[in-house]
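Text of the file final-v5.txt, holding compact mmCIF, C-alpha atoms:
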```txt
# COMPACT_ATOMS: atom_id res chain seq x y z
CA MET A 1482 0.00 0.00 0.00
CA PRO A 1483 2.83 2.50 0.28
CA ALA A 1484 2.17 3.29 -3.38
CA LEU A 1485 -1.28 4.64 -2.48
CA GLU A 1486 0.22 6.76 0.27
CA GLN A 1487 2.77 8.18 -2.14
CA LEU A 1488 0.14 9.00 -4.73
CA LEU A 1489 -2.07 10.56 -2.11
CA HIS A 1490 0.87 12.64 -0.97
CA GLY A 1491 1.55 13.80 -4.51
CA THR A 1492 -2.13 14.62 -4.83
CA ALA A 1493 -1.98 16.65 -1.62
CA LEU A 1494 0.77 18.71 -3.22
CA GLY A 1495 -1.57 19.53 -6.09
CA ASP A 1496 0.08 17.18 -8.58
CA GLU A 1497 -2.61 16.30 -11.13
CA ASP A 1498 -0.54 13.47 -12.60
CA ALA A 1499 -0.27 11.87 -9.19
CA PHE A 1500 -4.02 12.23 -8.84
CA ALA A 1501 -4.58 10.58 -12.22
CA ARG A 1502 -2.48 7.62 -11.09
CA LEU A 1503 -4.29 7.59 -7.76
CA TYR A 1504 -7.54 7.46 -9.69
CA ASP A 1505 -6.34 4.38 -11.60
CA GLU A 1506 -5.41 2.65 -8.36
CA ALA A 1507 -8.42 3.64 -6.31
CA ALA A 1508 -11.38 4.06 -8.66
CA PRO A 1509 -12.25 0.33 -8.99
CA ARG A 1510 -12.37 0.02 -5.21
CA VAL A 1511 -14.42 3.20 -4.79
CA TYR A 1512 -16.81 2.44 -7.62
CA GLY A 1513 -17.15 -1.22 -6.68
CA LEU A 1514 -18.02 -0.38 -3.11
CA CYS A 1515 -20.57 2.25 -4.16
CA LEU A 1516 -22.09 -0.24 -6.57
CA ARG A 1517 -22.33 -2.93 -3.92
CA VAL A 1518 -24.06 -0.63 -1.46
CA LEU A 1519 -26.27 1.28 -3.90
CA ARG A 1520 -26.87 -1.52 -6.45
CA ASP A 1521 -27.82 1.01 -9.10
CA PRO A 1522 -24.90 1.57 -11.55
CA ALA A 1523 -26.00 5.12 -12.40
CA GLN A 1524 -26.09 6.14 -8.76
CA ALA A 1525 -22.87 4.30 -8.04
CA GLU A 1526 -21.14 6.20 -10.79
CA GLU A 1527 -22.47 9.50 -9.53
CA VAL A 1528 -21.43 8.85 -5.95
CA ALA A 1529 -18.03 7.46 -7.02
CA GLN A 1530 -17.43 10.72 -8.86
CA GLU A 1531 -18.28 12.72 -5.74
CA VAL A 1532 -15.98 10.52 -3.67
CA LEU A 1533 -13.02 10.77 -6.02
CA VAL A 1534 -13.36 14.52 -6.33
CA GLU A 1535 -13.54 14.69 -2.53
CA VAL A 1536 -10.33 12.67 -2.41
CA TRP A 1537 -8.66 15.30 -4.58
CA ARG A 1538 -10.08 18.13 -2.50
CA THR A 1539 -9.20 16.70 0.90
CA ALA A 1540 -5.98 14.79 0.16
CA THR A 1541 -4.31 17.65 2.04
CA ARG A 1542 -6.02 16.40 5.19
CA PHE A 1543 -4.95 12.79 4.97
CA ASP A 1544 -2.78 11.94 7.97
CA PRO A 1545 -0.87 8.65 7.65
CA ALA A 1546 -0.41 8.61 11.43
CA ARG A 1547 -4.14 8.02 11.75
CA GLY A 1548 -4.50 5.14 9.34
CA SER A 1549 -3.72 3.77 5.91
CA ALA A 1550 -4.58 5.47 2.64
CA GLY A 1551 -6.74 2.49 1.72
CA ALA A 1552 -8.80 2.86 4.88
CA TRP A 1553 -9.08 6.59 4.33
CA LEU A 1554 -10.31 6.25 0.75
CA SER A 1555 -12.67 3.40 1.48
CA THR A 1556 -14.11 5.21 4.47
CA ILE A 1557 -14.96 8.24 2.36
CA ALA A 1558 -16.50 6.01 -0.31
CA HIS A 1559 -18.54 3.94 2.11
CA ARG A 1560 -19.80 6.91 4.03
CA ARG A 1561 -20.86 8.72 0.87
CA ALA A 1562 -22.62 5.63 -0.43
CA VAL A 1563 -24.41 5.13 2.86
CA ASP A 1564 -25.34 8.82 3.03
CA ARG A 1565 -26.94 8.39 -0.37
CA VAL A 1566 -28.85 5.32 0.80
CA ARG A 1567 -30.13 7.18 3.83
CA SER A 1568 -31.18 10.27 1.91
CA VAL A 1569 -32.96 8.12 -0.64
CA GLN A 1570 -34.67 6.27 2.19
CA ALA A 1571 -35.68 9.56 3.72
CA SER A 1572 -37.25 10.69 0.49
CA GLY A 1573 -39.13 7.44 0.22
CA ASP A 1574 -37.63 6.33 -3.06
CA ARG A 1575 -35.85 3.32 -1.83
CA GLU A 1576 -38.68 0.88 -2.13
CA ARG A 1577 -39.26 1.72 -5.75
CA ARG A 1578 -35.57 1.18 -6.44
CA ALA A 1579 -35.48 -1.97 -4.36
CA ALA A 1580 -38.26 -3.39 -6.50
CA ARG A 1581 -36.07 -3.14 -9.59
CA PRO A 1582 -34.35 -6.23 -10.88
CA GLU A 1583 -30.64 -6.22 -10.12
CA PRO A 1584 -28.88 -8.29 -12.74
CA GLU A 1585 -25.60 -6.43 -12.30
CA TYR A 1586 -25.09 -7.61 -8.78
CA ASP A 1587 -24.06 -11.19 -9.40
CA ALA A 1588 -21.95 -10.22 -12.37
CA VAL A 1589 -20.09 -7.75 -10.22
CA ALA A 1590 -19.60 -10.19 -7.40
CA GLU A 1591 -18.35 -12.70 -9.94
CA ALA A 1592 -15.89 -10.28 -11.48
CA ALA A 1593 -14.65 -9.31 -8.06
CA ALA A 1594 -14.26 -12.94 -7.10
CA VAL A 1595 -11.51 -13.51 -9.62
CA ARG A 1596 -9.60 -10.44 -8.57
CA LEU A 1597 -7.14 -9.67 -5.87
CA GLU A 1598 -6.62 -11.21 -2.51
CA HIS A 1599 -10.19 -11.43 -1.45
CA ARG A 1600 -9.69 -14.98 -0.20
CA GLN A 1601 -8.30 -13.72 3.05
CA VAL A 1602 -11.36 -11.57 3.62
CA ARG A 1603 -13.69 -14.44 2.81
CA ARG A 1604 -11.75 -16.77 5.08
CA CYS A 1605 -11.80 -14.25 7.91
CA LEU A 1606 -15.51 -13.60 7.47
CA SER A 1607 -16.05 -17.33 7.78
CA THR A 1608 -14.43 -17.32 11.23
CA LEU A 1609 -17.25 -15.13 12.52
CA THR A 1610 -20.39 -16.58 14.05
CA GLU A 1611 -23.40 -16.55 11.77
CA LEU A 1612 -24.95 -13.61 13.59
CA GLN A 1613 -21.69 -11.62 13.63
CA ARG A 1614 -21.18 -12.21 9.93
CA GLN A 1615 -24.73 -11.31 8.99
CA ALA A 1616 -24.68 -8.21 11.15
CA VAL A 1617 -21.38 -6.98 9.74
CA THR A 1618 -22.18 -7.69 6.11
CA LEU A 1619 -25.71 -6.32 6.23
CA ALA A 1620 -24.36 -3.14 7.77
CA TYR A 1621 -21.35 -2.76 5.50
CA TYR A 1622 -22.43 -4.13 2.14
CA GLY A 1623 -26.11 -3.49 2.71
CA GLY A 1624 -25.70 0.05 4.01
CA HIS A 1625 -28.17 -0.59 6.84
CA THR A 1626 -28.10 0.97 10.29
CA TYR A 1627 -27.63 -1.45 13.16
CA ARG A 1628 -31.28 -0.93 14.10
CA GLN A 1629 -32.35 -1.91 10.60
CA VAL A 1630 -30.04 -4.91 10.77
CA ALA A 1631 -31.69 -5.95 14.04
CA SER A 1632 -35.08 -5.72 12.45
CA LEU A 1633 -33.96 -7.67 9.37
CA LEU A 1634 -32.51 -10.42 11.53
CA GLY A 1635 -35.29 -10.38 14.11
CA ALA A 1636 -32.65 -9.88 16.80
CA ALA A 1637 -32.48 -7.50 19.74
CA VAL A 1638 -30.92 -4.12 18.95
CA PRO A 1639 -28.27 -4.25 21.73
CA THR A 1640 -27.31 -7.76 20.60
CA VAL A 1641 -26.75 -6.64 17.03
CA LYS A 1642 -24.77 -3.63 18.20
CA SER A 1643 -22.48 -5.92 20.18
CA ARG A 1644 -22.20 -8.54 17.43
CA ILE A 1645 -21.07 -5.91 14.93
CA ARG A 1646 -18.38 -4.79 17.32
CA ASP A 1647 -17.11 -8.21 18.38
CA GLY A 1648 -17.40 -9.45 14.80
CA LEU A 1649 -15.18 -6.61 13.63
CA LEU A 1650 -12.70 -7.21 16.43
CA LYS A 1651 -12.45 -10.83 15.31
CA LEU A 1652 -12.06 -9.71 11.73
CA ARG A 1653 -9.32 -7.32 12.78
CA ASP A 1654 -7.42 -10.09 14.54
CA CYS A 1655 -7.87 -12.45 11.62
CA LEU A 1656 -6.64 -9.87 9.11
CA GLU A 1657 -3.77 -9.04 11.45
CA VAL A 1658 -4.30 -5.36 11.15
CA ALA A 1659 -3.89 -4.69 14.84
CA ARG A 1660 -1.24 -2.04 15.28
CA MET B 916 -23.35 6.71 28.96
CA SER B 917 -19.72 6.53 28.00
CA ALA B 918 -19.80 2.71 28.12
CA ASP B 919 -22.85 2.83 25.89
CA VAL B 920 -21.07 5.05 23.37
CA HIS B 921 -18.15 2.68 23.43
CA THR B 922 -20.25 -0.25 22.25
CA LEU B 923 -21.28 1.84 19.24
CA ILE B 924 -17.74 1.96 17.87
CA GLY B 925 -18.27 -1.17 15.81
CA ALA B 926 -21.43 0.19 14.25
CA TRP B 927 -19.64 3.48 13.72
CA ALA B 928 -16.83 1.75 11.82
CA VAL B 929 -19.30 0.32 9.30
CA ASP B 930 -21.33 3.56 9.10
CA ALA B 931 -24.36 1.87 10.65
CA LEU B 932 -25.32 4.78 12.90
CA ASP B 933 -27.81 7.55 12.44
CA ASP B 934 -26.45 11.09 12.32
CA ASP B 935 -26.92 11.87 16.00
CA GLU B 936 -25.17 8.72 17.11
CA ARG B 937 -22.36 9.28 14.67
CA THR B 938 -21.79 12.75 16.06
CA GLU B 939 -21.87 11.40 19.59
CA VAL B 940 -19.34 8.67 18.86
CA GLU B 941 -17.01 10.99 16.99
CA HIS B 942 -17.08 13.41 19.87
CA HIS B 943 -16.32 10.55 22.23
CA LEU B 944 -13.35 9.49 20.11
CA THR B 945 -11.74 12.88 20.59
CA GLU B 946 -11.82 12.38 24.35
CA CYS B 947 -10.98 8.70 24.73
CA GLU B 948 -7.60 7.67 23.41
CA SER B 949 -8.11 3.92 23.73
CA CYS B 950 -11.45 4.23 21.93
CA ALA B 951 -9.81 6.19 19.12
CA GLN B 952 -7.21 3.45 18.88
CA GLU B 953 -9.87 0.76 18.67
CA ALA B 954 -11.82 2.80 16.13
CA ALA B 955 -8.73 3.19 13.95
CA GLU B 956 -7.99 -0.53 14.13
CA LEU B 957 -11.54 -1.44 13.23
CA ARG B 958 -11.40 0.92 10.25
CA GLU B 959 -8.26 -0.84 9.08
CA ALA B 960 -10.13 -4.14 9.21
CA VAL B 961 -13.37 -2.80 7.74
CA TRP B 962 -11.88 -1.33 4.59
CA ARG B 963 -10.57 -4.75 3.64
CA LEU B 964 -14.20 -5.80 3.21
CA SER B 965 -14.09 -3.76 0.02
CA ASP B 966 -11.48 -6.16 -1.40
CA VAL B 967 -14.32 -8.33 -2.62
CA THR B 968 -16.38 -5.59 -4.23
CA ILE B 969 -13.78 -4.15 -6.59
CA ALA B 970 -15.31 -3.43 -9.99
CA ASP B 971 -14.21 -1.44 -13.01
CA PRO B 972 -16.00 1.89 -13.29
CA PRO B 973 -17.28 3.07 -16.67
CA PRO B 974 -14.30 4.51 -18.58
CA ARG B 975 -15.96 7.92 -18.90
CA LEU B 976 -15.73 8.43 -15.15
CA ARG B 977 -11.99 9.00 -15.30
CA ALA B 978 -12.17 12.03 -17.59
CA ARG B 979 -15.04 13.47 -15.58
CA VAL B 980 -13.26 13.17 -12.28
CA LEU B 981 -9.97 14.54 -13.58
CA ALA B 982 -11.70 17.44 -15.30
CA GLU B 983 -13.68 18.29 -12.20
CA ALA B 984 -10.60 18.04 -9.98
CA SER B 985 -8.69 20.43 -12.22
CA ARG B 986 -11.31 23.08 -11.52
CA ILE B 987 -11.49 22.59 -7.77
CA ARG B 988 -9.24 24.13 -5.19
CA GLN B 989 -7.92 21.74 -2.57
CA GLU B 990 -8.63 22.29 1.10
CA ALA B 991 -6.00 23.81 3.29
CA PRO B 992 -4.33 21.20 5.47
CA GLU B 993 -5.49 20.98 9.05
CA THR B 994 -3.74 23.21 11.50
CA PRO B 995 -1.26 20.96 13.24
CA ALA B 996 -2.48 19.85 16.65
CA PRO B 997 -0.55 21.36 19.55
CA GLU B 998 0.91 18.11 20.83
CA PRO B 999 4.39 17.74 22.20
CA ARG B 1000 6.90 15.62 20.27
CA THR B 1001 5.44 16.46 16.90
CA ALA B 1002 6.43 18.97 14.31
CA ALA B 1003 3.33 20.97 14.95
CA PRO B 1004 4.21 23.50 17.64
CA ARG B 1005 7.49 24.40 16.06
CA LEU B 1006 5.98 24.93 12.69
CA ARG B 1007 3.28 27.07 14.12
CA ARG B 1008 5.73 29.58 15.49
CA HIS B 1009 6.58 30.66 12.00
CA ARG B 1010 3.84 33.14 11.51
CA GLY B 1011 5.64 34.72 8.59
CA MET B 1012 5.83 31.42 6.80
CA PRO B 1013 3.75 31.53 3.64
CA ARG B 1014 0.78 29.24 3.64
CA LEU B 1015 2.01 27.25 0.69
CA ARG B 1016 5.22 26.40 2.44
CA LEU B 1017 3.37 25.25 5.54
CA ALA B 1018 1.26 23.04 3.32
CA LEU B 1019 4.35 21.60 1.76
CA VAL B 1020 5.96 20.90 5.08
CA ALA B 1021 2.88 19.11 6.31
CA GLY B 1022 2.63 17.18 3.07
CA ALA B 1023 6.30 16.28 3.14
CA LEU B 1024 5.96 15.13 6.71
CA ALA B 1025 3.05 12.94 5.74
CA ALA B 1026 4.99 11.39 2.89
CA VAL B 1027 8.05 10.84 5.00
CA MET B 1028 6.11 9.23 7.82
CA ALA B 1029 4.31 6.99 5.35
CA VAL B 1030 7.59 5.73 4.01
CA VAL B 1031 9.58 5.57 7.22
CA GLY B 1032 7.07 3.08 8.53
CA GLY B 1033 8.46 0.32 6.38
CA ILE B 1034 10.45 0.74 3.27
CA VAL B 1035 13.59 2.73 3.80
CA THR B 1036 15.75 0.72 1.49
CA TRP B 1037 18.78 2.67 0.52
CA SER B 1038 22.16 1.51 -0.44
CA VAL B 1039 24.07 4.62 0.49
CA MET B 1040 27.41 5.00 -1.19
CA ARG B 1041 28.83 7.31 1.42
CA ASP B 1042 29.49 5.99 4.85
CA THR B 1043 26.48 7.44 6.61
CA ALA B 1044 24.44 6.08 9.45
CA PRO B 1045 21.18 4.33 8.56
CA THR B 1046 18.25 6.64 8.05
CA ARG B 1047 16.33 7.02 11.25
CA SER B 1048 12.89 8.37 11.60
CA ASP B 1049 13.83 10.60 14.52
CA GLU B 1050 16.60 12.20 12.48
CA ILE B 1051 14.14 12.76 9.68
CA ALA B 1052 11.67 14.20 12.15
CA ALA B 1053 14.37 16.52 13.48
CA VAL B 1054 14.87 18.01 10.02
CA LEU B 1055 11.14 18.39 9.46
CA GLU B 1056 10.69 20.02 12.83
CA SER B 1057 13.67 22.32 12.66
CA GLY B 1058 12.75 25.97 12.94
CA ASP B 1059 14.62 26.89 9.78
CA ALA B 1060 13.22 24.10 7.60
CA GLU B 1061 12.77 25.10 3.99
CA VAL B 1062 10.98 23.11 1.32
CA GLY B 1063 11.67 22.71 -2.35
CA LYS B 1064 9.70 20.54 -4.71
CA THR B 1065 9.97 19.82 -8.38
CA ALA B 1066 8.33 17.51 -10.89
CA ALA B 1067 10.71 14.91 -12.29
CA SER B 1068 10.98 14.50 -16.04
CA GLY B 1069 9.08 11.38 -16.99
CA GLY B 1070 6.75 11.56 -14.00
CA GLY B 1071 6.71 11.73 -10.22
CA ASP B 1072 8.27 14.37 -8.07
CA VAL B 1073 11.07 15.13 -5.70
CA THR B 1074 10.53 17.01 -2.46
CA VAL B 1075 13.42 18.27 -0.36
CA VAL B 1076 13.01 19.55 3.19
CA TYR B 1077 16.28 21.01 4.40
CA SER B 1078 17.69 22.70 7.43
CA GLU B 1079 20.78 24.86 7.10
CA ARG B 1080 21.28 24.80 10.85
CA LEU B 1081 21.27 20.98 11.02
CA ASP B 1082 23.15 20.77 7.72
CA LYS B 1083 20.76 18.02 6.71
CA ALA B 1084 18.00 17.42 4.23
CA VAL B 1085 15.19 14.91 3.82
CA VAL B 1086 14.66 13.92 0.20
CA VAL B 1087 11.37 12.32 -0.78
CA LEU B 1088 11.22 10.78 -4.24
CA ALA B 1089 7.77 9.71 -5.27
CA GLY B 1090 6.58 7.82 -8.32
CA LEU B 1091 9.53 8.47 -10.64
CA ALA B 1092 9.36 6.99 -14.15
CA ALA B 1093 9.79 3.21 -14.39
CA ILE B 1094 13.40 2.33 -15.31
CA GLY B 1095 13.63 -1.45 -15.00
CA GLU B 1096 15.87 -3.57 -12.81
CA GLU B 1097 19.07 -2.65 -14.63
CA ARG B 1098 18.96 1.02 -13.67
CA SER B 1099 18.99 3.00 -10.43
CA TYR B 1100 18.08 6.50 -9.52
CA GLN B 1101 20.91 8.35 -7.76
CA VAL B 1102 20.73 11.49 -5.65
CA TRP B 1103 23.47 14.15 -5.78
CA MET B 1104 24.44 17.20 -3.81
CA VAL B 1105 25.65 19.81 -6.25
CA ASP B 1106 27.81 22.72 -5.12
CA PRO B 1107 30.12 25.14 -6.97
CA GLU B 1108 32.96 22.60 -6.71
CA GLY B 1109 31.02 19.81 -8.38
CA GLN B 1110 28.79 17.06 -7.13
CA ILE B 1111 28.84 14.38 -4.47
CA SER B 1112 26.65 11.30 -4.48
CA ALA B 1113 24.14 11.39 -1.64
CA GLY B 1114 22.84 7.89 -2.24
CA VAL B 1115 21.71 5.34 -4.78
CA MET B 1116 18.26 3.85 -4.83
CA ASN B 1117 17.77 0.13 -5.22
CA PRO B 1118 17.64 -0.91 -8.87
CA GLY B 1119 14.20 -0.32 -10.32
CA ASP B 1120 12.86 1.53 -7.27
CA ARG B 1121 10.81 4.59 -8.10
CA SER B 1122 10.01 5.96 -4.65
CA ALA B 1123 12.15 6.44 -1.57
CA THR B 1124 12.90 8.72 1.33
CA MET B 1125 16.40 9.53 2.48
CA LEU B 1126 18.25 11.61 4.96
CA VAL B 1127 21.15 13.57 3.48
CA GLU B 1128 23.78 14.81 5.90
CA GLY B 1129 26.57 17.31 5.35
CA LEU B 1130 24.85 19.62 2.90
CA GLY B 1131 27.71 22.11 3.14
CA ASP B 1132 27.53 24.57 0.29
CA ALA B 1133 25.22 22.41 -1.78
CA GLU B 1134 23.04 24.55 -3.98
CA ILE B 1135 21.04 21.82 -5.66
CA ILE B 1136 19.79 18.36 -4.84
CA GLY B 1137 19.79 16.53 -8.14
CA VAL B 1138 18.49 13.16 -9.26
CA THR B 1139 19.88 11.19 -12.19
CA GLU B 1140 19.22 7.84 -13.77
CA GLU B 1141 22.29 5.57 -13.68
CA PRO B 1142 23.23 1.96 -14.26
CA ALA B 1143 22.10 -0.24 -11.35
CA GLY B 1144 24.22 0.54 -8.31
CA GLY B 1145 25.02 4.12 -9.29
CA SER B 1146 27.87 6.03 -10.93
CA GLN B 1147 30.86 8.08 -9.81
CA THR B 1148 29.68 11.08 -11.82
CA PRO B 1149 26.14 11.97 -12.75
CA THR B 1150 24.78 11.06 -16.16
CA LEU B 1151 23.14 14.16 -17.53
CA PRO B 1152 20.54 15.44 -18.01
CA MET B 1153 19.19 15.36 -14.49
CA VAL B 1154 15.82 13.73 -13.98
CA ALA B 1155 15.07 16.43 -11.40
CA ASP B 1156 16.91 19.19 -9.61
CA VAL B 1157 15.71 21.00 -6.54
CA PRO B 1158 17.48 24.28 -5.79
CA LEU B 1159 18.26 24.98 -2.13
CA GLN B 1160 17.84 28.62 -1.27
CA GLY B 1161 20.04 30.32 1.24
```
Let me see the structure of the file written as structure tokens.
Amino acid sequence: MPALEQLLHGTALGDEDAFARLYDEAAPRVYGLCLRVLRDPAQAEEVAQEVLVEVWRTATRFDPARGSAGAWLSTIAHRRAVDRVRSVQASGDRERRAARPEPEYDAVAEAAAVRLEHRQVRRCLSTLTELQRQAVTLAYYGGHTYRQVASLLGAAVPTVKSRIRDGLLKLRDCLEVAR
Amino acid sequence: MSADVHTLIGAWAVDALDDDERTEVEHHLTECESCAQEAAELREAVWRLSDVTIADPPPRLRARVLAEASRIRQEAPETPAPEPRTAAPRLRRHRGMPRLRLALVAGALAAVMAVVGGIVTWSVMRDTAPTRSDEIAAVLESGDAEVGKTAASGGGDVTVVYSERLDKAVVVLAGLAAIGEERSYQVWMVDPEGQISAGVMNPGDRSATMLVEGLGDAEIIGVTEEPAGGSQTPTLPMVADVPLQG
């Protein structure tokens, strides 16, 4: 990952070439995550654009002491995607969108499956209990609040809140990202 | 209440909170160091979940993003926090320092810290001590630190933070053009008498950070492309040269 940090640093210095290379490195992750959460390619593209422009705008604020560039980028992307989900929910559109067929989803998951080192993530997810795994993935990939997750799973809200946390702690240990 | 907030950190890390809760947790993180540590660790785990969702965006997105970025001003970097043992307080004393330079110092610090964490891999021709992060920090924190930055021909850039008082410089080379395993980038100190090698990068490496000691009368930090392992004299033209003022 140091390459991402370097590109982000160049971007922070206003170097448009560095930003173009950062785009090439980061855009598939940003777009893919938006697509997974939002499901709708048009919205995913729109939000990915907002995210990547925000990366340009706020690269100056990235602090490597606080975390990796990958975490920083993905956090911005996920939060933007989730913000979009919530605002759509608030405006009452979500159900209409949810009723749409989603043929892209499996294709995307399939394409992603042959790329990169996702095996480790899959393996680590499989070390979680069923409830931990469902709670984490519904929240992260599904863009649901923990209360919504509780309602989807028919579980108590405090239980889901705890399972998300202990599931993530287990994931952290499995991925060996503890610092 | 605090214990309750603490249990929300997991949900916070996956953005599963409503706005009020998010605000509450983020406020809590500013006050609770161990919580902030846990939150940061969870974020490092969480982002890996996006390993399995990577997907190619439509090609048109690239041009749109780059075009939009070119029209948008970047945010000023955050004012350094007044913590001891960081560069922040010392930098802040320099009220006369132009904003751009402050930004560069902060940016250079970020780049240096990112690299120092793991990959300081220099074969230094001169007999200098191994690069140490505290020595690098000392240069970045020095009251008289100056910054020079230039784009390298072929891509990437070279940033030099130097202190006349310490007689040292930190050179950050980032994303130089690919040269293959048979070539090395080499860094030179150039003064009126000629040039001295300051270090040779590993063959094929395109990014590195190094500490240069004994600047003396050096007027320029130059970078050249050489056969793997470096040369006695620089092969011109330089890939980049950063003038040192003063």
Record the distance separating atom CA of A:Ser1568 and atom CA of A:Ala1525, expressed in Å with one decimal.
14.3 Å
Could you write out as a ChimeraX atom specification the residues of chain B within 8 Å of chain A, counting only C-alpha atoms?
/B:922-926,929-933,955-973,976-977,979-981,983-985,987-993,1018-1019,1022-1023,1025-1026,1028-1030,1070-1072,1089-1090,1122
Restricting the output to C-alpha atoms, write the selected residues as a compact mmCIF listing (two decimals), in the frame of the given file.
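The result, written out as part19.txt:
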```txt
# COMPACT_ATOMS: atom_id res chain seq x y z
CA THR B 922 -20.25 -0.25 22.25
CA LEU B 923 -21.28 1.84 19.24
CA ILE B 924 -17.74 1.96 17.87
CA GLY B 925 -18.27 -1.17 15.81
CA ALA B 926 -21.43 0.19 14.25
CA VAL B 929 -19.30 0.32 9.30
CA ASP B 930 -21.33 3.56 9.10
CA ALA B 931 -24.36 1.87 10.65
CA LEU B 932 -25.32 4.78 12.90
CA ASP B 933 -27.81 7.55 12.44
CA ALA B 955 -8.73 3.19 13.95
CA GLU B 956 -7.99 -0.53 14.13
CA LEU B 957 -11.54 -1.44 13.23
CA ARG B 958 -11.40 0.92 10.25
CA GLU B 959 -8.26 -0.84 9.08
CA ALA B 960 -10.13 -4.14 9.21
CA VAL B 961 -13.37 -2.80 7.74
CA TRP B 962 -11.88 -1.33 4.59
CA ARG B 963 -10.57 -4.75 3.64
CA LEU B 964 -14.20 -5.80 3.21
CA SER B 965 -14.09 -3.76 0.02
CA ASP B 966 -11.48 -6.16 -1.40
CA VAL B 967 -14.32 -8.33 -2.62
CA THR B 968 -16.38 -5.59 -4.23
CA ILE B 969 -13.78 -4.15 -6.59
CA ALA B 970 -15.31 -3.43 -9.99
CA ASP B 971 -14.21 -1.44 -13.01
CA PRO B 972 -16.00 1.89 -13.29
CA PRO B 973 -17.28 3.07 -16.67
CA LEU B 976 -15.73 8.43 -15.15
CA ARG B 977 -11.99 9.00 -15.30
CA ARG B 979 -15.04 13.47 -15.58
CA VAL B 980 -13.26 13.17 -12.28
CA LEU B 981 -9.97 14.54 -13.58
CA GLU B 983 -13.68 18.29 -12.20
CA ALA B 984 -10.60 18.04 -9.98
CA SER B 985 -8.69 20.43 -12.22
CA ILE B 987 -11.49 22.59 -7.77
CA ARG B 988 -9.24 24.13 -5.19
CA GLN B 989 -7.92 21.74 -2.57
CA GLU B 990 -8.63 22.29 1.10
CA ALA B 991 -6.00 23.81 3.29
CA PRO B 992 -4.33 21.20 5.47
CA GLU B 993 -5.49 20.98 9.05
CA ALA B 1018 1.26 23.04 3.32
CA LEU B 1019 4.35 21.60 1.76
CA GLY B 1022 2.63 17.18 3.07
CA ALA B 1023 6.30 16.28 3.14
CA ALA B 1025 3.05 12.94 5.74
CA ALA B 1026 4.99 11.39 2.89
CA MET B 1028 6.11 9.23 7.82
CA ALA B 1029 4.31 6.99 5.35
CA VAL B 1030 7.59 5.73 4.01
CA GLY B 1070 6.75 11.56 -14.00
CA GLY B 1071 6.71 11.73 -10.22
CA ASP B 1072 8.27 14.37 -8.07
CA ALA B 1089 7.77 9.71 -5.27
CA GLY B 1090 6.58 7.82 -8.32
CA SER B 1122 10.01 5.96 -4.65
```
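For the pair atom CA of B:Leu1055 and atom CA of B:Val1076, the separation is 6.6 Å.
Residue nearest B:Met1153 within the list B:Ala1067, B:Val1073, B:Ser1099, B:Pro1107: B:Ala1067 [criterion: smallest interatomic distance, all atoms listed in the file].
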